[in-house]
Amino acid sequence: MKNKFPTLAALGLLASPAFLPAAATVNVINGDAAGVGFNDTTAATPVGGNTGTTVGQQRLIAYQRAAAVWGNTVTSTVPINVYATWEALTCTATTAVLGSAGAAEVFSSFPNAPVAGTWYCAALANKLSGVNNSTATLTPPTTGTPTIYQIRARFNVNLGQTGCLPGGGFYLGLDNNPGAGQTDLLVVLIHEIGHGLGFQTFTNGSTGAYLTGSDGTPRPSIWDTFLTDSPTNTRWTQLTPAQRAASALSDNLVWAGPLVTAAVPNVLQVGVPNVAASSPSLPLQNFNVGTASFGPAITNPGITRQIGQVIDGNVANVGPVGLACNPNDPAAAATLSPANAAAVNGKIALVDRGTCSFVIKVKACQDAGAVGVIVVDNAVGSPPAGLGGADPTITIPAVRVTQSDGATIKAALARRSRGAQANVVATLGLDNSRRAGADSSNRAKMYAPNPFQSGSSVSHYDVSATPNLIMEPAINAGLGQSVVPPADLTFTLFQDIGW
Amino acid sequence: MKTSLSRKALLGALGSTAALSALFAVAVAQGGSKAPSTPAPTSANPSSAGLVAVRDAETGALRAPTAEEAAALQPAPAGGKGGAKIKEASVPEVRRLPNGAIAMTLDSSFEMASVAVKGSDNKVRRGCMPSDKVETALDAAQNGGLTKKEVLDEK
């Protein structure tokens with residue numbers, strides 16, 4: 001559609017109408033002062049398809065591409081303005097805020113609102129009502145002309161400089177090919193602007209309380225009408241605040257939108273890594289696992305072996321533990337004792353998290369002849385996180401189970417009797433009854449870990465999704481720029497909420 | 001060097017009077033510049049401030065809050081280092097537009113922020129969280145508290 005703000009464009013305010021066969025006009029409003037951010041005239045060499053010849057131009061072109069991704073996907077007769085600035089955001093030598101974005105306003109009970117008494121973000125409310133309800137206004141310093149906007153975005157102008165994750169600046173190319181340590185600005189922009197277009201709830205996930213303003217009336221977000229507690233099949237809008245808060249910790253929160261559910265088979269792959277274990281005292285049970293960033297991937301048919309437990313210490317109030325660390329130097333390579341080596345040889349080793357790195361534990365077990373490793377978490381929490389680290393010499397698979405599930409396996413081991421048939425046998429493989437990132441009904445899982453990850457929870461897809469999705473809380477390397485199936489489920493979710 | 005996150009000052013809080021507590025709208029600054037903090041009213045806890053009333057959005061009349069409204073009015077627990085920092089409540093202004101729409105301006109705490117952390121393995125991990133949780137998360141990361149449970153962990 002055509003730009004509805006020709007006068008603003010003439011003033012140079014509109015830095016990036018989304019061109020091509022746009023379904024909506026997404027404008028980037030340059031809110032920077034002269035010489036700063038988008039207006040930085042430092043010379044730059046074109047990179048990765050970004051033809052800008054100054055740092056400011058390249059930043060603008062990256063924003064333009066992100067705006068185009070969304071402008072060519074969502075539909076609206078009302079332009080969407082993103083008021084964007086480059087600012088000095090929090091950072092240190094090892095940490096940094098890359099940037100942020102969000103809706104400037106929310107609206108309820110607007111003309112044509114599909115669900116009354118419910119909050120919609122500004123851009124979506126404008127689309128649904130067909131008029132620009134927005135009133136949020138900022139004034140770009142270079143023009144002095146107040147401008148209405150629907151999304152506010154700010155990114156870190158110092159990233160990569162001394163004292164601000166040095167060497168780890170933004171990659172401004174458009175080809176998803178950042179260098180080591182660089183952050184692909186385009187991917188982050190697509191993600192954060194996605195939140196600004198409505199990929200979030202405004203309900204407090206910690207308390208379950210709906211967003212309440214000065215009129216004292218709590219209203220759910222349109223998001224909440226699709227969030228569903230999977231075990232009870234209950235929508236968030238049917239739960240009490242306390243129940244919503246509990247649901248946000250359940251690892252059983254799903255999106256019950258019909259379009260996402262229909263698209264899941266086209267996007268998410270079959271098979272969820274898990275441990276299936278059984279023994280005479282333990283009926284066959286599937287345990288969720290977190291996978292490792294090192295070693296081979298979990299595949300089918302997987303590995304089926306007895307579990308051999310490492311025991312090399314005793315912790316007060318905990319009991320026997322198997323750390324598989326070097327007792328003299330936790331940072332050094334470890335060697336299992338002869339007894340522990342015999343216990344894990346040819347088996348799937350069971351060790352405990354703590355003291356030394358995951359790769360040291362797994363390597364020690366591998367050197368002792370183990371064919372796989374299960375690491376039991378040493379802290380309460382669910383679902384089990386992955387195992388970080390790197391060691392190219394590790395050739396056996398490793399996973400993490402929760403502290404609770406680890407206790408169940410250990411209890412079965414403690415009850416075992418002599419004889420191979422009486423031991424605990426486990427299969428480290430894939431559960432093919434589910435898709436990675438969905439429940440058994442193909443409803444996409446939403447991020448609902450325990451403990452609650454403020455804000456990351458509920459307003460993102462679950463990290464178990466495979467392939468990786470744009471709107472997971474971890475902005476993974478290798479994400480592309482597509483927000484539609486078969487690559488991604490973001491736009492499909494937008495369609496569920498009214499886009 | 002640690003620079004400050006451009007962050008809007010707080011926006012408002014729940015106020016109470018002798019018999020009735022009402023919700024006050026406060027100005028919401030927009031823009032990237034820092035704004036001075038707005039002192040919180042003395043009592044932000046409706047349960048300890050006497051009778052609490054809310055204005056019904058439909059009728060305009062004052063009435064007792066529902067259980068859900070009361071929950072929404074509860075202030076956040078003390079937080080921050082040493083527990084001395086009280087999280088101030090934010091009560092954005094609700095406006096009714098001529099076409100009947102109900103509008104509310106959001107402050108930057110509703111923005112989602114992406115962060116990056118370089119681990120001891122020199123790998124940079126990136127994650128997304130609300131703007132108002134960023135500093136806590138980054139402090140945890142710097143103090144070695146960034147565990148594999150963190151959303152920053154790569155798969």
# chains A, B, ... in the order shown; residues from 1 in each chain; ligands from 1
call {"tool": "residues_around", "arguments": {"residues": "Ile222 of chain A", "least_positions_apart": "6", "cutoff": "9 Å", "atoms": "only C-alpha atoms", "output": "list in words"}}
result
Val115, Thr118, Trp119, Tyr120, Cys121, Gly198, Thr201, Ile497 and Gly498 of chain A
call {"tool": "write_last_selection", "arguments": {"atoms": "C-alpha atoms", "output": "PDB file, in the first residue's frame"}}
result
ATOM      1  CA  VAL A 115     -12.839  -9.708  21.737  1.00  0.00           C
ATOM      2  CA  THR A 118      -9.236  -7.213  25.971  1.00  0.00           C
ATOM      3  CA  TRP A 119      -5.937  -5.469  25.332  1.00  0.00           C
ATOM      4  CA  TYR A 120      -4.489  -5.376  21.838  1.00  0.00           C
ATOM      5  CA  CYS A 121      -1.196  -3.726  20.946  1.00  0.00           C
ATOM      6  CA  GLY A 198       1.898  -8.177  19.536  1.00  0.00           C
ATOM      7  CA  THR A 201       1.089 -10.777  26.816  1.00  0.00           C
ATOM      8  CA  ILE A 497      -4.634 -13.080  17.322  1.00  0.00           C
ATOM      9  CA  GLY A 498      -6.115 -11.093  14.468  1.00  0.00           C
TER      10      GLY A 498
END
call {"tool": "select_by_dssp", "arguments": {"residues": "segment 207-283 of chain A", "states": "alpha helix (DSSP H)", "output": "list of chain:residue names"}}
result
A:Pro241, A:Ala242, A:Gln243, A:Arg244, A:Ala245, A:Ala246, A:Ser247, A:Pro258, A:Leu259, A:Val260, A:Thr261, A:Ala262, A:Ala263, A:Val264, A:Pro265, A:Asn266, A:Val267
call {"tool": "write_last_selection", "arguments": {"atoms": "N, CA and C atoms", "output": "tab-separated table (two decimals), in the first residue's frame"}}
result
chain	number	residue	atom	x	y	z
A	241	PRO	N	-5.86	-15.51	38.79
A	241	PRO	CA	-4.47	-15.03	38.71
A	241	PRO	C	-3.47	-16.04	39.27
A	242	ALA	N	-3.80	-16.64	40.40
A	242	ALA	CA	-2.88	-17.62	41.00
A	242	ALA	C	-2.69	-18.82	40.08
A	243	GLN	N	-3.77	-19.23	39.44
A	243	GLN	CA	-3.66	-20.37	38.52
A	243	GLN	C	-2.83	-20.01	37.30
A	244	ARG	N	-3.00	-18.78	36.83
A	244	ARG	CA	-2.18	-18.36	35.68
A	244	ARG	C	-0.70	-18.35	36.07
A	245	ALA	N	-0.42	-17.82	37.26
A	245	ALA	CA	0.97	-17.77	37.71
A	245	ALA	C	1.55	-19.18	37.82
A	246	ALA	N	0.75	-20.12	38.32
A	246	ALA	CA	1.22	-21.50	38.42
A	246	ALA	C	1.42	-22.10	37.04
A	247	SER	N	0.52	-21.76	36.15
A	247	SER	CA	0.61	-22.29	34.79
A	247	SER	C	1.88	-21.80	34.09
A	258	PRO	N	-5.96	-22.05	16.48
A	258	PRO	CA	-6.16	-23.10	15.46
A	258	PRO	C	-5.17	-23.03	14.31
A	259	LEU	N	-4.73	-21.84	13.96
A	259	LEU	CA	-3.84	-21.73	12.80
A	259	LEU	C	-2.44	-22.23	13.13
A	260	VAL	N	-1.97	-21.90	14.31
A	260	VAL	CA	-0.65	-22.40	14.71
A	260	VAL	C	-0.69	-23.92	14.82
A	261	THR	N	-1.75	-24.44	15.43
A	261	THR	CA	-1.85	-25.90	15.59
A	261	THR	C	-1.86	-26.60	14.23
A	262	ALA	N	-2.55	-26.00	13.29
A	262	ALA	CA	-2.59	-26.60	11.95
A	262	ALA	C	-1.23	-26.53	11.26
A	263	ALA	N	-0.46	-25.49	11.59
A	263	ALA	CA	0.84	-25.31	10.93
A	263	ALA	C	1.97	-26.08	11.58
A	264	VAL	N	1.79	-26.49	12.81
A	264	VAL	CA	2.87	-27.18	13.52
A	264	VAL	C	3.45	-28.36	12.75
A	265	PRO	N	2.63	-29.23	12.16
A	265	PRO	CA	3.23	-30.36	11.42
A	265	PRO	C	4.09	-29.93	10.23
A	266	ASN	N	3.86	-28.73	9.73
A	266	ASN	CA	4.66	-28.26	8.60
A	266	ASN	C	5.96	-27.58	9.04
A	267	VAL	N	6.09	-27.34	10.32
A	267	VAL	CA	7.25	-26.58	10.80
A	267	VAL	C	8.11	-27.39	11.78
call {"tool": "closest_residue", "arguments": {"among": "A:Ile303, A:Ala256, A:Cys164, A:Ile190", "to": "Thr492 of chain A", "atoms": "only C-alpha atoms"}}
result
A:Ala256
call {"tool": "residues_around", "arguments": {"residues": "Gln403 of chain A", "least_positions_apart": "6", "cutoff": "7 Å", "atoms": "only C-alpha atoms", "output": "NGL selection string"}}
result
:A and (376-380)
call {"tool": "closest_residue", "arguments": {"among": "B:Arg125, B:Asp107, B:Ala137, B:Ala113", "to": "chain A", "atoms": "only C-alpha atoms"}}
result
B:Ala113
call {"tool": "residues_around", "arguments": {"residues": "Tyr171 of chain A", "least_positions_apart": "6", "cutoff": "7 Å", "atoms": "only C-alpha atoms", "output": "NGL selection string"}}
result
:A and (178 or 182-185)
call {"tool": "write_last_selection", "arguments": {"atoms": "N, CA and C atoms", "output": "tab-separated table (two decimals), in the first residue's frame"}}
result
chain	number	residue	atom	x	y	z
A	178	PRO	N	26.97	-13.39	10.30
A	178	PRO	CA	27.79	-12.61	11.22
A	178	PRO	C	29.12	-13.30	11.51
A	182	GLN	N	29.92	-11.59	16.70
A	182	GLN	CA	29.04	-10.52	16.26
A	182	GLN	C	27.57	-10.91	16.45
A	183	THR	N	26.75	-9.89	16.59
A	183	THR	CA	25.31	-10.09	16.71
A	183	THR	C	24.64	-9.65	15.42
A	184	ASP	N	23.85	-10.54	14.87
A	184	ASP	CA	23.15	-10.25	13.62
A	184	ASP	C	22.01	-9.27	13.91
A	185	LEU	N	22.23	-8.01	13.61
A	185	LEU	CA	21.25	-6.98	13.95
A	185	LEU	C	19.90	-7.28	13.32
call {"tool": "atom_distance", "arguments": {"atom1": "atom CA of Arg435 of chain A", "atom2": "atom CA of Leu387 of chain A"}}
result
21.0 Å
call {"tool": "closest_residue", "arguments": {"among": "A:Pro451, A:Ser100, A:Arg434, A:Ala407", "to": "Val318 of chain A", "atoms": "only C-alpha atoms"}}
result
A:Ala407
call {"tool": "closest_atom_pairs", "arguments": {"of": "chain A", "to": "chain B", "cutoff": "6 Å", "atoms": "only C-alpha atoms", "output": "Markdown table"}}
result
| residue | atom | partner | partner_atom | distance |
| --- | --- | --- | --- | --- |
| A:Leu89 | CA | B:Leu5 | CA | 4.3 |
| A:Thr90 | CA | B:Leu5 | CA | 4.3 |
| A:Cys91 | CA | B:Lys2 | CA | 5.6 |
| A:Thr92 | CA | B:Lys2 | CA | 5.2 |
| A:Thr94 | CA | B:Lys118 | CA | 5.0 |
| A:Thr95 | CA | B:Val117 | CA | 4.4 |
| A:Ala96 | CA | B:Ala116 | CA | 5.3 |
| A:Val97 | CA | B:Val115 | CA | 4.3 |
| A:Leu98 | CA | B:Val115 | CA | 5.1 |
| A:Gly99 | CA | B:Ser114 | CA | 5.5 |
| A:Ser100 | CA | B:Ala113 | CA | 3.9 |
| A:Ala101 | CA | B:Glu111 | CA | 5.0 |
| A:Gly102 | CA | B:Glu111 | CA | 4.1 |
| A:Ala104 | CA | B:Leu106 | CA | 5.5 |
| A:Glu105 | CA | B:Thr105 | CA | 4.3 |
| A:Val106 | CA | B:Met104 | CA | 5.4 |
| A:Phe107 | CA | B:Ala103 | CA | 4.5 |
| A:Ser108 | CA | B:Ile102 | CA | 5.0 |
| A:Ser109 | CA | B:Ala101 | CA | 5.1 |
| A:Phe110 | CA | B:Ala101 | CA | 3.9 |
| A:Gly163 | CA | B:Met1 | CA | 5.4 |
| A:Gly181 | CA | B:Val124 | CA | 5.9 |
| A:Ala209 | CA | B:Ala72 | CA | 5.2 |
| A:Gly213 | CA | B:Pro92 | CA | 5.0 |
| A:Ser214 | CA | B:Glu93 | CA | 4.9 |
| A:Asp215 | CA | B:Arg55 | CA | 5.6 |
| A:Gly216 | CA | B:Val54 | CA | 5.3 |
| A:Ala385 | CA | B:Lys149 | CA | 5.3 |
| A:Gly455 | CA | B:Pro130 | CA | 5.1 |
| A:Ser456 | CA | B:Met129 | CA | 4.7 |
| A:Pro473 | CA | B:Cys128 | CA | 5.1 |
| A:Ala474 | CA | B:Gly127 | CA | 4.3 |
| A:Ile475 | CA | B:Gly127 | CA | 5.2 |
call {"tool": "write_last_selection", "arguments": {"atoms": "C-alpha atoms", "output": "short mmCIF file (atom, residue, chain, number, x, y, z; two decimals), in the first residue's frame"}}
result
data_model
loop_
_atom_site.label_atom_id
_atom_site.label_comp_id
_atom_site.auth_asym_id
_atom_site.auth_seq_id
_atom_site.Cartn_x
_atom_site.Cartn_y
_atom_site.Cartn_z
CA LEU A 89 22.34 1.12 26.83
CA THR A 90 23.68 -0.97 29.71
CA CYS A 91 26.88 -2.78 28.93
CA THR A 92 30.18 -4.03 30.31
CA THR A 94 31.18 -9.13 28.90
CA THR A 95 27.51 -8.20 28.93
CA ALA A 96 25.33 -5.85 26.96
CA VAL A 97 21.80 -4.87 26.28
CA LEU A 98 21.56 -5.14 22.53
CA GLY A 99 18.32 -3.29 22.18
CA SER A 100 14.65 -3.30 23.02
CA ALA A 101 11.29 -2.74 21.43
CA GLY A 102 7.66 -2.84 22.38
CA ALA A 104 3.76 2.15 22.58
CA GLU A 105 0.12 1.74 23.55
CA VAL A 106 -2.55 -0.88 24.04
CA PHE A 107 -6.22 -0.55 23.17
CA SER A 108 -9.39 -2.26 24.25
CA SER A 109 -13.02 -2.13 23.14
CA PHE A 110 -12.15 -0.30 19.92
CA GLY A 163 33.81 -1.43 27.66
CA GLY A 181 31.12 -12.87 18.39
CA ALA A 209 -2.62 -10.29 37.26
CA GLY A 213 -4.55 1.01 34.44
CA SER A 214 -5.86 4.05 36.18
CA ASP A 215 -9.49 2.97 35.80
CA GLY A 216 -8.79 -0.03 37.99
CA ALA A 385 18.20 -27.13 30.54
CA GLY A 455 9.05 -11.85 30.71
CA SER A 456 10.94 -14.40 28.73
CA PRO A 473 13.71 -16.50 24.18
CA ALA A 474 17.18 -17.58 23.12
CA ILE A 475 18.18 -15.73 20.00
#
call {"tool": "atom_distance", "arguments": {"atom1": "atom CA of Ile193 of chain A", "atom2": "atom CA of Ala103 of chain A"}}
result
8.7 Å
